[in-house]
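**Q** Mind having a look at this structure? Questions to follow.
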Protein chains: 2
Amino acid sequence: MNLSWDTMFESAELGNSIDKATFQAEVPALRQDLLNAQFDLAQSARFQVIILLSGADGSGKREVVHTLMEWMDPRHIQTRAMGSPSEEERQRPEMWRFWRILPPRGKIGIFFHSWYSAPVLKRVLGQTTDADLDQSLDDIARFEKRLTAEGALLLKIRLHISKKKQEERLRKLEKNLKTRWRVTKDEWKHFELYDDFTIYTQRAIRRTSTPEAPWIIVEGTDERYRSLTIGKVILERLRAGQLTDQAMRPTRAAAISKNPSADQHLLHALDMSQHIPKPIYIQHLEKCQGQLNLLTRRREFRNRSAIALFEGWDAAGKGGCIRRVIWSLDPRQYQIIPIAAPTDEERAQPYLWRFWRNIPGHGQVTIFDRSWYGRVLVERVEGFCSEDDWMRAYGEINDFEDQLVRNDTILVKFWLHISKDEQLVRFRERAKTGFKSFKITEQDWRNRNKWDAYERAVCNMVDRTSTEIAPWTLVEANDKSFARVKVLKTLCERIGEAL
Amino acid sequence: MNLSWDTMFESAELGNSIDKATFQAEVPALRQDLLNAQFDLAQSARFQVIILLSGADGSGKREVVHTLMEWMDPRHIQTRAMGSPSEEERQRPEMWRFWRILPPRGKIGIFFHSWYSAPVLKRVLGQTTDADLDQSLDDIARFEKRLTAEGALLLKIRLHISKKKQEERLRKLEKNLKTRWRVTKDEWKHFELYDDFTIYTQRAIRRTSTPEAPWIIVEGTDERYRSLTIGKVILERLRAGQLTDQAMRPTRAAAISKNPSADQHLLHALDMSQHIPKPIYIQHLEKCQGQLNLLTRRREFRNRSAIALFEGWDAAGKGGCIRRVIWSLDPRQYQIIPIAAPTDEERAQPYLWRFWRNIPGHGQVTIFDRSWYGRVLVERVEGFCSEDDWMRAYGEINDFEDQLVRNDTILVKFWLHISKDEQLVRFRERAKTGFKSFKITEQDWRNRNKWDAYERAVCNMVDRTSTEIAPWTLVEANDKSFARVKVLKTLCERIGEAL
């Protein structure tokens with residue numbers, strides 16, 4: 001669609017309409033095609049379809065949904081419309097409530113009151129500035145890019161109705177005894193703000209129209225015209241998506257340096273000889289645990305949350321560190337999330353979905369035993385995802401962590417480092433000790449053979465995701481006591497600073 | 001364990017203890033056995049293990065969890081401990097918050113502050129009466145019976161510590177600078193209520209000790225004794241569970257009458273000739289839709305919720321009815337949940353879990369397109385579950401619905417009935433009409449051949465689950481207009497009465 005911004009909505013005020021005969025002639029074939037396309041979508045389950053339906057009151061959003069529900073198979077459509085966020089939602093980053101209701105691959109989700117609603121409404125009501133709105137819109141643009149990059153089909157439809165038409169429509173509905181229940185006070189209030197809504201909606205559309213997810217503006221006045229137009233747009237995009245969902249992915253990020261020495265010096269610079277003698281260890285440990293307990297019980301922590309994530313070589317001692325951390329926490333406060341193979345509900349969603357679903361509410365600590373960094377570690381090295389996927393992941397992860405931190409989550413990331421020799425010693429010891437032998441598998445030995453590839457991946461990861469707001473802590477873990485104390489001290493420091 | 005009620009806790013005040021040498025000699029083998037049993041559990045994933053850990057403050061609950069986390073593989077253990085319910089939890093029946101965090105099959109969930117905590121605490125604080133407590137305990141006993149009936153292994157462990165020992169312990173912890181952070185004001189407050197806690201805890205234990213889920217009382221004073229005892233109990237139950245999870249199921253409910261005429265007269269009594277001429281239909285429809293909209297917008301509805309569930313023959317017109325219902329609702333208010341094959345997360349949980357996860361919050365309407373009644377309809381007739389399973393389901397369902405209704409949910413259940421001849425007409429018509437042909441599958445024809453078996457199942461279902469609080473509405477649906485108006489009228493009536 002060719003849009004000039006000055007007249008963004010003018011082309012949607014042309015009085016487009018379709019006569020009944022044409023409509024009735026076209027609908028049966030369109031319905032059949034839509035059902036077939038939907039059937040293909042459900043069968044292949046390669047991507048999900050997210051339809052944002054936006055528009056002033058009275059522009060026919062409701063009716064469009066109802067028509068779509070009638071034309072298509074409603075069992076594969078989820079309508080998603082929400083009022084104000086709940087307490088659980090308010091405790092988490094703004095996007096959490098949308099993540100939790102994304103349709104899985106193979107399904108269509110129709111969003112009323114999408115992620116655009118609150119930012120635009122707040123600006124219209126004068127609660128925020130243009131800069132705030134732009135910041136929100138940039139967040140949204142990045143979020144949408146993530147979705148489409150993983151194959152999601154995103155249709156953003158704006159139903160437009162001119163100010164005059166809207167007034168006529170509301171008055172007409174109001175006069176009819178049978179339909180007057182459809183006009184509420186809110187609708188008149190919004191009508192008064194029509195011009196402001198237009199200004200900021202145009203701003204939103206301008207800043208978030210991308211080749212992957214363009215806005216589609218549809219004149220909303222004539223019921224037959226808008227239904228048929230939207231039905232056809234959906235059909236066209238569904239068919240295109242089915243053909244090209246791989247091709248739609250954006251080109252890869254800049255290549256990563258292939259110079260192994262540059263890549264690896266980060267880890268080589270660590271002083272792996274550091275250790276703590278046992279009696280001093282016990283002393284330090286108890287002190288840190290007491291301190292951590294007090295910190296997480298402070299009144300200020302009740303409006304904060306914390307995430308500690310642990311990555312590291314096999315046998316680096318993640319489990320031991322985690323146990324020392326939880327020992328100092330109230331069992332009501334923490335949750336350990338071990339990251340293993342995703343469930344099928346998780347596989348049907350964008351990569352980060354299974355982490356989003358587990359982020360803590362206020363006063364809570366979530367410990368990830370392995371984490372979203374699997375994408376740029378094991379998935380990269382083992383080839384479980386494409387190069388595009390893991391290249392893109394650095395940016396996705398930084399963005400995700402940025403949202404967490406802006407939501408007052410204290411995020412602490414540990415890489416537990418041991419030398420290759422130390423790993424061998426531990427593997428052998430585990431194989432010997434009965435109750436530890438379950439910890440060592442064929443897979444561990446195979447991973448060990450890829451040490452260098454993993455080392456490069458780790459260095460790239462730290463390099464690209466150690467940000468000011470969420471730095472990595474590299475833990476020299478050849479000595480378990482040293483590692484545990486360093487982990488606990490770091491946690492205390494980071495939480496202490498934040499409160 | 002042989003418990004005399006008068007002296008329930010006396011046997012746990014004998015001063016049991018284990019010396020260090022014995023402990024150290026026994027632990028390695030126990031750890032290995034526990035890990036093996038846990039490995040078998042994870043591999044077979046036939047059942048989940050739910051460990052309730054109860055006990056006064058200072059009885060060592062925390063330490064037991066930490067020991068178990070150290071002895072076993074923490075990646076397959078979820079600790080579940082919670083403070084006060086969140087807003088989303090408060091809007092739903094009390095048990096919702098426990099349902100939402102049940103461990104899936106193959107995993108172990110350790111619950112602190114389980115479903116016993118609130119009822120006992122409220123009684124101790126004098127906020128409820130004995131009768132209230134008993135009612136809660138009966139609810140709990142039924143809930144636990146459902147869990148174990150589906151194979152869950154439920155271990156209810158009470159750590160006991162005598163009043164004297166508890167005081168000594170708290171004072172000792174408090175004196176030590178390194179451990180004083182572990183004694184909070186709450187702990188002293190609870191200590192003052194020690195006797196009351198003992199009385200009501202005993203009452204709870206007495207009323208909820210069943211052969212499938214007995215309480216296990218363990219003396220909590222000596223750390224080594226309690227760890228070893230609990231470790232052994234868990235091991236024993238894990239092994240037994242692995243061998244007998246089928247055999248543990250209770251015997252089946254009373255047999256259902258096999259007299260087909262008695263079973264079927266319910267449906268045969270319907271006057272299937274009822275119909276509404278088109279113009280009157282439109283009039284009625286609009287009136288009902290307006291009324292339903294107004295009802296769901298009433299202030300009183302903001303603290304209520306509604307569930308409309310639709311069952312019926314294939315091609316009976318469920319979809320058409322649902323569309324007419326949602327037409328009158330605000331899209332922010334409703335959610336349609338179509339019931340198809342469960343996901344793997346759902347399959348790893350008790351049968352009702354996937355319905356619990358979808359029940360509405362305040363001000364919301366959830367429409368189930370097919371429902372939990374699948375258990376006693378399609379699953380019964382097609383043999384997807386055992387006879388025990390569907391026999392037991394009637395009671396489970398009544399109990400589930402009872403909890404919904406007590407939580408102020410308005411529950412309306414529709415069976416859409418058409419005659420066998422009418423179904424044939426509709427099947428043929430669907431096969432002919434392009435955009436309807438997706439609705440008719442081989443499966444539908446196969447189901448049709450089992451008409452009599454389904455009819456019996458429907459009659460049994462209505463007979464056994466049409467309760468005063470949640471009656472079935474049988475809808476004569478040979479005439480679609482009649483059916484839609486009856487559905488809408490019924491909804492309006494039921495919601496109107498309730499508000």
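Labels used: A, B, ... for chains in the order of the structure tokens, numbers from 1 for residues in each chain, and numbers from 1 for ligands as shown.
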What residues in chain A have any atom no more than 7 Å from chain B when counting only C-alpha atoms, and can you write them as a PyMOL selection string?

**A** chain A and resi 28+31-32+35+66+75+79+81-83+86-88+178+181+286-287+290+294+327+331-332+335+338+343-345+434-435

**Q** Okay, now the selection with C-alpha atoms, as a short mmCIF file (atom, residue, chain, number, x, y, z; two decimals), in the first residue's frame?

**A**
```
data_model
loop_
_atom_site.label_atom_id
_atom_site.label_comp_id
_atom_site.auth_asym_id
_atom_site.auth_seq_id
_atom_site.Cartn_x
_atom_site.Cartn_y
_atom_site.Cartn_z
CA PRO A 28 -18.22 -18.03 -0.44
CA ARG A 31 -14.36 -18.27 3.04
CA GLN A 32 -13.28 -21.49 1.41
CA LEU A 35 -10.40 -22.06 5.64
CA HIS A 66 -17.04 -11.55 14.63
CA ARG A 75 -11.13 -23.32 17.12
CA THR A 79 -9.11 -13.43 20.52
CA ALA A 81 -8.25 -8.37 24.44
CA MET A 82 -7.43 -7.10 27.84
CA GLY A 83 -8.28 -4.40 30.29
CA SER A 86 -3.39 -7.50 36.86
CA GLU A 87 -1.17 -7.40 39.92
CA GLU A 88 0.92 -10.29 38.59
CA LYS A 178 -32.09 -2.29 20.06
CA TRP A 181 -26.51 -0.51 24.55
CA GLU A 286 28.19 -18.19 56.66
CA LYS A 287 28.74 -14.46 56.62
CA GLY A 290 23.48 -14.28 56.51
CA LEU A 294 18.95 -10.06 55.37
CA TRP A 327 20.29 -22.08 51.62
CA PRO A 331 11.75 -21.22 50.50
CA ARG A 332 8.74 -19.05 49.77
CA GLN A 335 12.27 -20.84 42.30
CA PRO A 338 16.49 -25.87 35.24
CA THR A 343 8.09 -28.87 26.03
CA ASP A 344 5.89 -28.85 22.96
CA GLU A 345 4.04 -25.76 24.18
CA GLY A 434 28.07 -43.80 42.96
CA PHE A 435 25.68 -41.00 43.78
#
```

**Q** So which bits of segment 2-136 of chain A end up strand (DSSP E or B) when you DSSP the backbone, as a list in words?

**A**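 In segment 2-136 of chain A, DSSP puts these residues in strand (DSSP E or B): Val49, Ile50, Ile51, Leu52, Leu53, Ser54, Gly55, Ile77, Gln78, Thr79, Arg80, Ile108, Gly109, Ile110 and Phe111 of chain A.
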
**Q** Env of Leu155 of chain B: 8 Å cut, atoms = only C-alpha atoms, seq-sep filter 6 positions within chain, self excluded. Answer as a list in words.

**A** Val49, Ile50, Ile51, Leu52, Ala213, Pro214, Trp215, Ile216 and Ile234 of chain B

**Q** Determine, counting only C-alpha atoms, which protein, DNA and RNA residues have an atom within 12 Å of an atom of Arg123 of chain A; residues of the same chain fewer than 3 positions away are not included. Present the result as an MDAnalysis selection string.

**A** chainID A and resid 116:120 126:137 193 196:201 203:204

**Q** Include N, CA and C atoms and write out the residues we just selected as a JSON list (two decimals), in the first residue's frame.

**A**
```json
[["chain", "number", "residue", "atom", "x", "y", "z"],
["A", 116, "TYR", "N", 0.07, -1.36, 21.46],
["A", 116, "TYR", "CA", 0.02, 0.06, 21.09],
["A", 116, "TYR", "C", -0.94, 0.85, 21.97],
["A", 117, "SER", "N", -1.94, 0.16, 22.53],
["A", 117, "SER", "CA", -3.03, 0.90, 23.17],
["A", 117, "SER", "C", -2.56, 1.80, 24.30],
["A", 118, "ALA", "N", -1.84, 1.21, 25.26],
["A", 118, "ALA", "CA", -1.47, 2.01, 26.44],
["A", 118, "ALA", "C", -0.56, 3.20, 26.08],
["A", 119, "PRO", "N", 0.51, 2.99, 25.30],
["A", 119, "PRO", "CA", 1.36, 4.15, 24.99],
["A", 119, "PRO", "C", 0.59, 5.28, 24.29],
["A", 120, "VAL", "N", -0.25, 4.93, 23.32],
["A", 120, "VAL", "CA", -0.99, 5.99, 22.60],
["A", 120, "VAL", "C", -2.00, 6.66, 23.52],
["A", 126, "GLY", "N", -2.24, 13.03, 27.87],
["A", 126, "GLY", "CA", -1.24, 13.96, 28.37],
["A", 126, "GLY", "C", -0.45, 13.44, 29.56],
["A", 127, "GLN", "N", -0.51, 12.14, 29.78],
["A", 127, "GLN", "CA", 0.24, 11.58, 30.93],
["A", 127, "GLN", "C", 1.71, 11.37, 30.59],
["A", 128, "THR", "N", 2.02, 11.36, 29.29],
["A", 128, "THR", "CA", 3.41, 11.16, 28.88],
["A", 128, "THR", "C", 3.79, 12.20, 27.84],
["A", 129, "THR", "N", 5.07, 12.25, 27.53],
["A", 129, "THR", "CA", 5.57, 13.20, 26.52],
["A", 129, "THR", "C", 5.78, 12.48, 25.19],
["A", 130, "ASP", "N", 6.09, 13.28, 24.17],
["A", 130, "ASP", "CA", 6.42, 12.68, 22.87],
["A", 130, "ASP", "C", 7.60, 11.73, 22.99],
["A", 131, "ALA", "N", 8.60, 12.12, 23.80],
["A", 131, "ALA", "CA", 9.79, 11.29, 23.95],
["A", 131, "ALA", "C", 9.43, 9.94, 24.56],
["A", 132, "ASP", "N", 8.54, 9.95, 25.56],
["A", 132, "ASP", "CA", 8.09, 8.69, 26.17],
["A", 132, "ASP", "C", 7.41, 7.80, 25.13],
["A", 133, "LEU", "N", 6.54, 8.46, 24.36],
["A", 133, "LEU", "CA", 5.82, 7.69, 23.34],
["A", 133, "LEU", "C", 6.82, 7.06, 22.37],
["A", 134, "ASP", "N", 7.80, 7.85, 21.93],
["A", 134, "ASP", "CA", 8.77, 7.34, 20.96],
["A", 134, "ASP", "C", 9.57, 6.18, 21.54],
["A", 135, "GLN", "N", 9.92, 6.32, 22.79],
["A", 135, "GLN", "CA", 10.66, 5.23, 23.45],
["A", 135, "GLN", "C", 9.82, 3.94, 23.45],
["A", 136, "SER", "N", 8.55, 4.07, 23.80],
["A", 136, "SER", "CA", 7.68, 2.90, 23.79],
["A", 136, "SER", "C", 7.57, 2.32, 22.38],
["A", 137, "LEU", "N", 7.47, 3.22, 21.40],
["A", 137, "LEU", "CA", 7.32, 2.75, 20.02],
["A", 137, "LEU", "C", 8.59, 2.03, 19.55],
["A", 193, "LEU", "N", -11.81, 13.15, 21.84],
["A", 193, "LEU", "CA", -10.35, 13.17, 21.69],
["A", 193, "LEU", "C", -9.93, 12.70, 20.30],
["A", 196, "ASP", "N", -6.69, 14.16, 18.70],
["A", 196, "ASP", "CA", -5.46, 13.75, 19.38],
["A", 196, "ASP", "C", -5.14, 12.28, 19.07],
["A", 197, "PHE", "N", -6.16, 11.47, 19.10],
["A", 197, "PHE", "CA", -5.93, 10.06, 18.75],
["A", 197, "PHE", "C", -5.33, 9.95, 17.35],
["A", 198, "THR", "N", -5.87, 10.76, 16.43],
["A", 198, "THR", "CA", -5.37, 10.70, 15.06],
["A", 198, "THR", "C", -3.89, 11.07, 14.99],
["A", 199, "ILE", "N", -3.53, 12.14, 15.68],
["A", 199, "ILE", "CA", -2.13, 12.59, 15.65],
["A", 199, "ILE", "C", -1.19, 11.50, 16.15],
["A", 200, "TYR", "N", -1.51, 10.94, 17.31],
["A", 200, "TYR", "CA", -0.56, 10.01, 17.92],
["A", 200, "TYR", "C", -0.63, 8.62, 17.30],
["A", 201, "THR", "N", -1.77, 8.29, 16.76],
["A", 201, "THR", "CA", -1.86, 7.03, 16.04],
["A", 201, "THR", "C", -1.02, 7.10, 14.78],
["A", 203, "ARG", "N", 1.59, 8.92, 14.36],
["A", 203, "ARG", "CA", 2.97, 8.85, 14.81],
["A", 203, "ARG", "C", 3.38, 7.38, 15.04],
["A", 204, "ALA", "N", 2.49, 6.65, 15.70],
["A", 204, "ALA", "CA", 2.79, 5.24, 15.99],
["A", 204, "ALA", "C", 2.93, 4.44, 14.70]]
```

**Q** In terms of the shortest atom-to-atom distance over only C-alpha atoms, which of B:Val405, B:Ala316, B:Ile440, B:Ile157 is closest to Ser209 of chain B?

**A**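 Nearest candidate to Ser209 of chain B out of B:Val405, B:Ala316, B:Ile440, B:Ile157: B:Ile157.
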
**Q** Applying 10 Å and only C-alpha atoms, which residues near Glu422 of chain A remain after dropping the ones on its own chain fewer than 3 positions away? List them as a PDB file with C-alpha atoms, in the first residue's frame.

**A**
```pdb
ATOM      1  CA  ALA A 315      31.118 -30.120  36.112  1.00  0.00           C
ATOM      2  CA  ALA A 316      32.033 -26.501  36.878  1.00  0.00           C
ATOM      3  CA  ILE A 418      37.194 -24.344  35.092  1.00  0.00           C
ATOM      4  CA  SER A 419      40.267 -25.462  33.176  1.00  0.00           C
ATOM      5  CA  VAL A 425      39.617 -34.735  37.073  1.00  0.00           C
ATOM      6  CA  ARG A 426      36.005 -34.034  38.007  1.00  0.00           C
ATOM      7  CA  PHE A 427      34.539 -36.226  35.277  1.00  0.00           C
ATOM      8  CA  ALA A 477      35.896 -22.216  39.717  1.00  0.00           C
ATOM      9  CA  ASN A 478      38.826 -24.614  39.818  1.00  0.00           C
ATOM     10  CA  ASP A 479      38.511 -24.217  43.582  1.00  0.00           C
TER      11      ASP A 479
END
```

**Q** For the atom pair atom CA of Glu219 of chain B and atom CA of His160 of chain B, what is the interatomic distance in Å to one decimal place?

**A**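 Atom-to-atom, atom CA of Glu219 of chain B to atom CA of His160 of chain B, that is 4.9 Å.
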
**Q** Kindly give the distance, in Å, that separates atom CA of Lys486 of chain A and atom CA of Leu266 of chain A, rounded to a single decimal.

**A**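 Between atom CA of Lys486 of chain A and atom CA of Leu266 of chain A the gap works out to 18.1 Å.
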
**Q** So what do you get for atom CA of Arg406 of chain B versus atom CA of Pro93 of chain B, distance-wise?

**A**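 So the answer is 7.6 Å.
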
**Q** Give me, as a short mmCIF file (atom, residue, chain, number, x, y, z; two decimals) with N, CA and C atoms, in the first residue's frame, all polymer residues having an atom no more than 10 Å from Arg237 of chain A, counting only C-alpha atoms and skipping those fewer than 5 positions away in the same chain.

**A**
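Output saved as out_16.cif:
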```cif
data_model
loop_
_atom_site.label_atom_id
_atom_site.label_comp_id
_atom_site.auth_asym_id
_atom_site.auth_seq_id
_atom_site.Cartn_x
_atom_site.Cartn_y
_atom_site.Cartn_z
N ALA A 37 -6.41 -22.03 3.81
CA ALA A 37 -5.14 -21.45 4.25
C ALA A 37 -4.94 -21.70 5.74
N VAL A 49 0.15 -16.60 13.60
CA VAL A 49 -0.33 -15.38 12.97
C VAL A 49 -0.86 -14.46 14.06
N LEU A 153 3.88 -14.28 11.69
CA LEU A 153 3.26 -13.42 10.70
C LEU A 153 2.48 -12.36 11.47
N LEU A 154 2.85 -11.12 11.26
CA LEU A 154 2.26 -10.04 12.04
C LEU A 154 1.47 -9.12 11.11
N LEU A 155 0.17 -9.08 11.31
CA LEU A 155 -0.67 -8.20 10.50
C LEU A 155 -1.20 -7.09 11.37
N LYS A 232 -9.40 -10.52 2.56
CA LYS A 232 -8.48 -10.75 1.45
C LYS A 232 -7.02 -10.53 1.88
N GLN A 242 2.99 -19.05 4.18
CA GLN A 242 3.16 -20.50 4.02
C GLN A 242 4.28 -20.80 3.03
N LEU A 243 4.39 -19.94 2.02
CA LEU A 243 5.41 -20.18 1.00
C LEU A 243 6.80 -19.74 1.46
#
```

**Q** In segment 56-166 of chain B, what's helix (DSSP H, G or I) per DSSP? Answer as a PyMOL selection string?

**A** chain B and resi 61-71+74-76+87-90+96-99+117-124+130-149+163-166

**Q** Store the residues picked out above in a file with N, CA and C atoms, as a compact mmCIF listing (two decimals), in the first residue's frame.

**A**
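Resulting contents of out.txt:
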```
# COMPACT_ATOMS: atom_id res chain seq x y z
N LYS B 61 12.05 -27.89 58.61
CA LYS B 61 11.50 -28.01 57.25
C LYS B 61 12.51 -27.55 56.19
N ARG B 62 12.99 -26.33 56.40
CA ARG B 62 13.95 -25.73 55.47
C ARG B 62 15.15 -26.62 55.24
N GLU B 63 15.71 -27.10 56.37
CA GLU B 63 16.91 -27.92 56.29
C GLU B 63 16.61 -29.22 55.55
N VAL B 64 15.42 -29.77 55.78
CA VAL B 64 15.07 -31.01 55.08
C VAL B 64 15.04 -30.76 53.57
N VAL B 65 14.42 -29.68 53.16
CA VAL B 65 14.39 -29.38 51.72
C VAL B 65 15.79 -29.25 51.18
N HIS B 66 16.63 -28.52 51.90
CA HIS B 66 17.98 -28.32 51.40
C HIS B 66 18.74 -29.63 51.32
N THR B 67 18.54 -30.49 52.31
CA THR B 67 19.19 -31.81 52.27
C THR B 67 18.69 -32.61 51.07
N LEU B 68 17.37 -32.59 50.86
CA LEU B 68 16.82 -33.36 49.73
C LEU B 68 17.34 -32.81 48.41
N MET B 69 17.44 -31.49 48.32
CA MET B 69 17.96 -30.88 47.09
C MET B 69 19.41 -31.31 46.88
N GLU B 70 20.13 -31.55 47.98
CA GLU B 70 21.52 -31.94 47.87
C GLU B 70 21.65 -33.42 47.53
N TRP B 71 20.77 -34.22 48.10
CA TRP B 71 20.84 -35.66 47.89
C TRP B 71 20.30 -36.07 46.52
N PRO B 74 18.39 -31.86 41.72
CA PRO B 74 17.48 -30.72 41.90
C PRO B 74 16.79 -30.29 40.61
N ARG B 75 17.30 -30.76 39.47
CA ARG B 75 16.65 -30.38 38.22
C ARG B 75 15.26 -31.01 38.07
N HIS B 76 15.02 -32.07 38.83
CA HIS B 76 13.70 -32.70 38.74
C HIS B 76 12.85 -32.45 39.99
N GLU B 87 -3.76 -11.35 43.27
CA GLU B 87 -5.08 -10.91 42.80
C GLU B 87 -5.68 -11.95 41.83
N GLU B 88 -4.85 -12.45 40.89
CA GLU B 88 -5.36 -13.44 39.94
C GLU B 88 -5.80 -14.70 40.68
N GLU B 89 -5.09 -15.03 41.74
CA GLU B 89 -5.44 -16.22 42.51
C GLU B 89 -6.69 -16.00 43.36
N ARG B 90 -6.79 -14.79 43.93
CA ARG B 90 -7.95 -14.51 44.77
C ARG B 90 -9.25 -14.53 43.98
N TRP B 96 -7.12 -23.19 43.01
CA TRP B 96 -6.53 -22.84 41.71
C TRP B 96 -5.03 -22.64 41.79
N ARG B 97 -4.62 -21.94 42.85
CA ARG B 97 -3.19 -21.65 42.97
C ARG B 97 -2.34 -22.91 43.17
N PHE B 98 -2.96 -23.96 43.70
CA PHE B 98 -2.20 -25.20 43.82
C PHE B 98 -2.21 -25.97 42.50
N TRP B 99 -3.36 -25.97 41.86
CA TRP B 99 -3.44 -26.61 40.54
C TRP B 99 -2.40 -26.02 39.58
N SER B 117 -2.16 -25.07 55.08
CA SER B 117 -1.69 -23.93 55.88
C SER B 117 -2.80 -22.93 56.22
N ALA B 118 -3.47 -22.44 55.19
CA ALA B 118 -4.46 -21.39 55.43
C ALA B 118 -5.60 -21.86 56.34
N PRO B 119 -6.23 -23.03 56.06
CA PRO B 119 -7.32 -23.44 56.94
C PRO B 119 -6.90 -23.59 58.41
N VAL B 120 -5.71 -24.19 58.65
CA VAL B 120 -5.28 -24.38 60.04
C VAL B 120 -4.96 -23.03 60.68
N LEU B 121 -4.22 -22.20 59.95
CA LEU B 121 -3.84 -20.89 60.51
C LEU B 121 -5.07 -20.05 60.85
N LYS B 122 -6.03 -20.03 59.93
CA LYS B 122 -7.25 -19.24 60.19
C LYS B 122 -7.98 -19.72 61.44
N ARG B 123 -8.00 -21.04 61.63
CA ARG B 123 -8.67 -21.59 62.82
C ARG B 123 -7.90 -21.21 64.08
N VAL B 124 -6.57 -21.29 64.01
CA VAL B 124 -5.74 -20.96 65.17
C VAL B 124 -5.95 -19.51 65.56
N ASP B 130 -14.74 -24.49 64.04
CA ASP B 130 -14.41 -25.90 63.80
C ASP B 130 -15.10 -26.41 62.54
N ALA B 131 -16.35 -25.99 62.37
CA ALA B 131 -17.11 -26.47 61.20
C ALA B 131 -16.46 -26.00 59.90
N ASP B 132 -15.99 -24.75 59.89
CA ASP B 132 -15.31 -24.24 58.71
C ASP B 132 -14.06 -25.06 58.42
N LEU B 133 -13.32 -25.33 59.49
CA LEU B 133 -12.08 -26.10 59.32
C LEU B 133 -12.40 -27.47 58.75
N ASP B 134 -13.43 -28.10 59.31
CA ASP B 134 -13.78 -29.44 58.84
C ASP B 134 -14.21 -29.43 57.37
N GLN B 135 -14.94 -28.40 57.01
CA GLN B 135 -15.36 -28.28 55.60
C GLN B 135 -14.14 -28.18 54.69
N SER B 136 -13.19 -27.36 55.08
CA SER B 136 -11.96 -27.23 54.28
C SER B 136 -11.22 -28.56 54.23
N LEU B 137 -11.18 -29.24 55.35
CA LEU B 137 -10.45 -30.51 55.38
C LEU B 137 -11.13 -31.56 54.51
N ASP B 138 -12.45 -31.51 54.47
CA ASP B 138 -13.17 -32.43 53.58
C ASP B 138 -12.85 -32.12 52.11
N ASP B 139 -12.83 -30.84 51.79
CA ASP B 139 -12.45 -30.43 50.43
C ASP B 139 -11.06 -30.96 50.10
N ILE B 140 -10.15 -30.81 51.04
CA ILE B 140 -8.77 -31.24 50.83
C ILE B 140 -8.72 -32.74 50.63
N ALA B 141 -9.44 -33.46 51.46
CA ALA B 141 -9.41 -34.92 51.35
C ALA B 141 -9.90 -35.35 49.97
N ARG B 142 -10.94 -34.69 49.47
CA ARG B 142 -11.44 -35.03 48.14
C ARG B 142 -10.41 -34.70 47.06
N PHE B 143 -9.81 -33.54 47.20
CA PHE B 143 -8.79 -33.11 46.24
C PHE B 143 -7.64 -34.11 46.20
N GLU B 144 -7.21 -34.54 47.38
CA GLU B 144 -6.08 -35.48 47.44
C GLU B 144 -6.46 -36.83 46.85
N LYS B 145 -7.73 -37.19 47.07
CA LYS B 145 -8.19 -38.46 46.52
C LYS B 145 -8.14 -38.43 44.99
N ARG B 146 -8.53 -37.27 44.41
CA ARG B 146 -8.46 -37.13 42.95
C ARG B 146 -7.03 -37.30 42.46
N LEU B 147 -6.12 -36.65 43.16
CA LEU B 147 -4.72 -36.71 42.75
C LEU B 147 -4.21 -38.14 42.77
N THR B 148 -4.43 -38.82 43.90
CA THR B 148 -3.89 -40.17 44.00
C THR B 148 -4.62 -41.12 43.06
N ALA B 149 -5.91 -40.85 42.82
CA ALA B 149 -6.65 -41.72 41.90
C ALA B 149 -6.04 -41.68 40.50
N LYS B 163 7.37 -28.58 72.43
CA LYS B 163 7.35 -27.16 72.77
C LYS B 163 8.67 -26.74 73.43
N LYS B 164 9.14 -27.60 74.32
CA LYS B 164 10.37 -27.29 75.06
C LYS B 164 11.55 -27.21 74.10
N LYS B 165 11.66 -28.23 73.27
CA LYS B 165 12.77 -28.27 72.32
C LYS B 165 12.74 -27.06 71.39
N GLN B 166 11.52 -26.71 70.97
CA GLN B 166 11.43 -25.58 70.04
C GLN B 166 11.94 -24.29 70.67
```

**Q** For Glu468 of chain A, list every protein, DNA or RNA residue within 12 Å, evaluated using only C-alpha atoms, and leave out those in the same chain fewer than 5 positions away; present the list as an MDAnalysis selection string.

**A** chainID A and resid 398 401:402 405 411:412 463 473
